[in-house]
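Single-structure report; data block below.
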Amino acid sequence: TTSLAFILYDKDSTTHSLTSDADWLTVPARFARPTAGAHSVDLEVSPNPTASERTAHVTLTSNGVSTVITYVQAAAGAK
């Protein structure tokens, strides 16, 4: 797992979402529509079985404003 911490101030939770564009880094369903307040989310990460690094983008959206967080996972066997 990897963690992501954030605070949402907008109380209109219908405008909030947390998504990932990669199948190897997923947002637990219970955090897909976060409410206002402080959050610490454990994202689920699958091991990289390939010889190449890979990239995922997690997008946090609130009230039409999106922030994209980029995660890069090292290749298998990389230190």
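As shown in the structure tokens, the chain order sets the letters A, B, ...; within each chain, residues go from 1, and ligands are also counted from 1 in the order they appear.
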Test item: residues at most 8 Å from Ser62 of chain A, only C-alpha atoms, excluding those fewer than 4 positions along its chain, as a PDB file with N, CA and C atoms, in the first residue's frame:
ATOM      1  N   LEU A   8     -10.487  18.123   2.568  1.00  0.00           N
ATOM      2  CA  LEU A   8     -11.500  18.724   1.713  1.00  0.00           C
ATOM      3  C   LEU A   8     -12.320  19.692   2.559  1.00  0.00           C
ATOM      4  N   ASP A  10     -14.843  21.819   1.117  1.00  0.00           N
ATOM      5  CA  ASP A  10     -16.171  21.967   0.536  1.00  0.00           C
ATOM      6  C   ASP A  10     -17.102  20.904   1.125  1.00  0.00           C
ATOM      7  N   SER A  13     -20.332  17.101  -0.777  1.00  0.00           N
ATOM      8  CA  SER A  13     -19.583  15.888  -1.111  1.00  0.00           C
ATOM      9  C   SER A  13     -19.953  15.310  -2.474  1.00  0.00           C
ATOM     10  N   THR A  15     -19.542  16.748  -5.122  1.00  0.00           N
ATOM     11  CA  THR A  15     -18.532  17.248  -6.060  1.00  0.00           C
ATOM     12  C   THR A  15     -17.171  16.584  -5.843  1.00  0.00           C
ATOM     13  N   HIS A  16     -17.051  15.704  -4.862  1.00  0.00           N
ATOM     14  CA  HIS A  16     -15.761  15.099  -4.517  1.00  0.00           C
ATOM     15  C   HIS A  16     -15.606  13.719  -5.153  1.00  0.00           C
ATOM     16  N   SER A  17     -14.399  13.468  -5.660  1.00  0.00           N
ATOM     17  CA  SER A  17     -14.092  12.117  -6.134  1.00  0.00           C
ATOM     18  C   SER A  17     -12.593  11.881  -6.044  1.00  0.00           C
ATOM     19  N   SER A  66      -9.515  19.826 -10.038  1.00  0.00           N
ATOM     20  CA  SER A  66      -8.838  18.535  -9.919  1.00  0.00           C
ATOM     21  C   SER A  66      -7.352  18.715  -9.651  1.00  0.00           C
TER      22      SER A  66
END
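Distance-wise, atom CA of Ala56 of chain A and atom CA of Asp12 of chain A end up 27.2 Å apart.
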* Can you check which residues of chain A DSSP gives as strand (DSSP E) on the backbone and send them as a VMD selection string? => chain A and resid 2 to 8 17 to 20 25 to 26 37 to 45 54 to 62 65 to 73
How would the residues just chosen look if you wrote them out with C-alpha atoms as a PDB file, in the first residue's frame?
ATOM      1  CA  THR A   2       0.871   3.658  -0.225  1.00  0.00           C
ATOM      2  CA  SER A   3      -0.830   6.486   1.624  1.00  0.00           C
ATOM      3  CA  LEU A   4      -2.365   9.747   0.478  1.00  0.00           C
ATOM      4  CA  ALA A   5      -3.428  12.462   2.941  1.00  0.00           C
ATOM      5  CA  PHE A   6      -5.650  15.422   2.069  1.00  0.00           C
ATOM      6  CA  ILE A   7      -8.270  17.809   3.474  1.00  0.00           C
ATOM      7  CA  LEU A   8     -11.500  18.724   1.713  1.00  0.00           C
ATOM      8  CA  SER A  17     -14.092  12.117  -6.134  1.00  0.00           C
ATOM      9  CA  LEU A  18     -10.838  10.203  -5.865  1.00  0.00           C
ATOM     10  CA  THR A  19      -9.866   8.042  -8.854  1.00  0.00           C
ATOM     11  CA  SER A  20      -6.896   6.181 -10.320  1.00  0.00           C
ATOM     12  CA  LEU A  25      -2.895   1.304  -8.084  1.00  0.00           C
ATOM     13  CA  THR A  26      -6.480   1.403  -6.876  1.00  0.00           C
ATOM     14  CA  GLY A  37     -12.658  16.868   6.354  1.00  0.00           C
ATOM     15  CA  ALA A  38      -9.224  15.312   6.790  1.00  0.00           C
ATOM     16  CA  HIS A  39      -8.492  11.985   5.136  1.00  0.00           C
ATOM     17  CA  SER A  40      -5.657   9.474   5.106  1.00  0.00           C
ATOM     18  CA  VAL A  41      -6.249   6.912   2.368  1.00  0.00           C
ATOM     19  CA  ASP A  42      -4.305   3.686   1.919  1.00  0.00           C
ATOM     20  CA  LEU A  43      -4.152   3.097  -1.831  1.00  0.00           C
ATOM     21  CA  GLU A  44      -3.830  -0.522  -2.895  1.00  0.00           C
ATOM     22  CA  VAL A  45      -0.705  -1.265  -4.953  1.00  0.00           C
ATOM     23  CA  ARG A  54       5.161   2.189 -14.651  1.00  0.00           C
ATOM     24  CA  THR A  55       3.171   5.303 -13.881  1.00  0.00           C
ATOM     25  CA  ALA A  56      -0.279   5.885 -12.381  1.00  0.00           C
ATOM     26  CA  HIS A  57      -2.213   9.091 -11.813  1.00  0.00           C
ATOM     27  CA  VAL A  58      -4.576   9.561  -8.888  1.00  0.00           C
ATOM     28  CA  THR A  59      -7.016  12.434  -9.358  1.00  0.00           C
ATOM     29  CA  LEU A  60      -8.666  14.236  -6.449  1.00  0.00           C
ATOM     30  CA  THR A  61     -11.571  16.403  -7.565  1.00  0.00           C
ATOM     31  CA  SER A  62     -13.617  18.828  -5.468  1.00  0.00           C
ATOM     32  CA  VAL A  65     -11.113  21.540  -9.398  1.00  0.00           C
ATOM     33  CA  SER A  66      -8.838  18.535  -9.919  1.00  0.00           C
ATOM     34  CA  THR A  67      -5.406  17.763  -8.537  1.00  0.00           C
ATOM     35  CA  VAL A  68      -3.425  14.973 -10.182  1.00  0.00           C
ATOM     36  CA  ILE A  69      -0.865  13.054  -8.120  1.00  0.00           C
ATOM     37  CA  THR A  70       1.629  10.950 -10.106  1.00  0.00           C
ATOM     38  CA  TYR A  71       2.977   7.673  -8.754  1.00  0.00           C
ATOM     39  CA  VAL A  72       5.924   5.908 -10.399  1.00  0.00           C
ATOM     40  CA  GLN A  73       6.571   2.278  -9.505  1.00  0.00           C
TER      41      GLN A  73
END
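For the pair atom CA of Ala74 of chain A and atom CA of Pro49 of chain A, the separation is 9.9 Å.
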* Asked: Hey, which of A:Asn63, A:Thr1, A:Ala76, A:Pro47 ends up closest to Thr14 of chain A? Count only C-alpha atoms.
  ->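 The shortest atom-to-atom distance to Thr14 of chain A comes from A:Asn63.
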* Using atom CA of Ser46 of chain A and atom CA of Asp23 of chain A as the two end points, give the distance in Å to one decimal. =>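 Spanning atom CA of Ser46 of chain A to atom CA of Asp23 of chain A is a straight-line distance of 8.5 Å.
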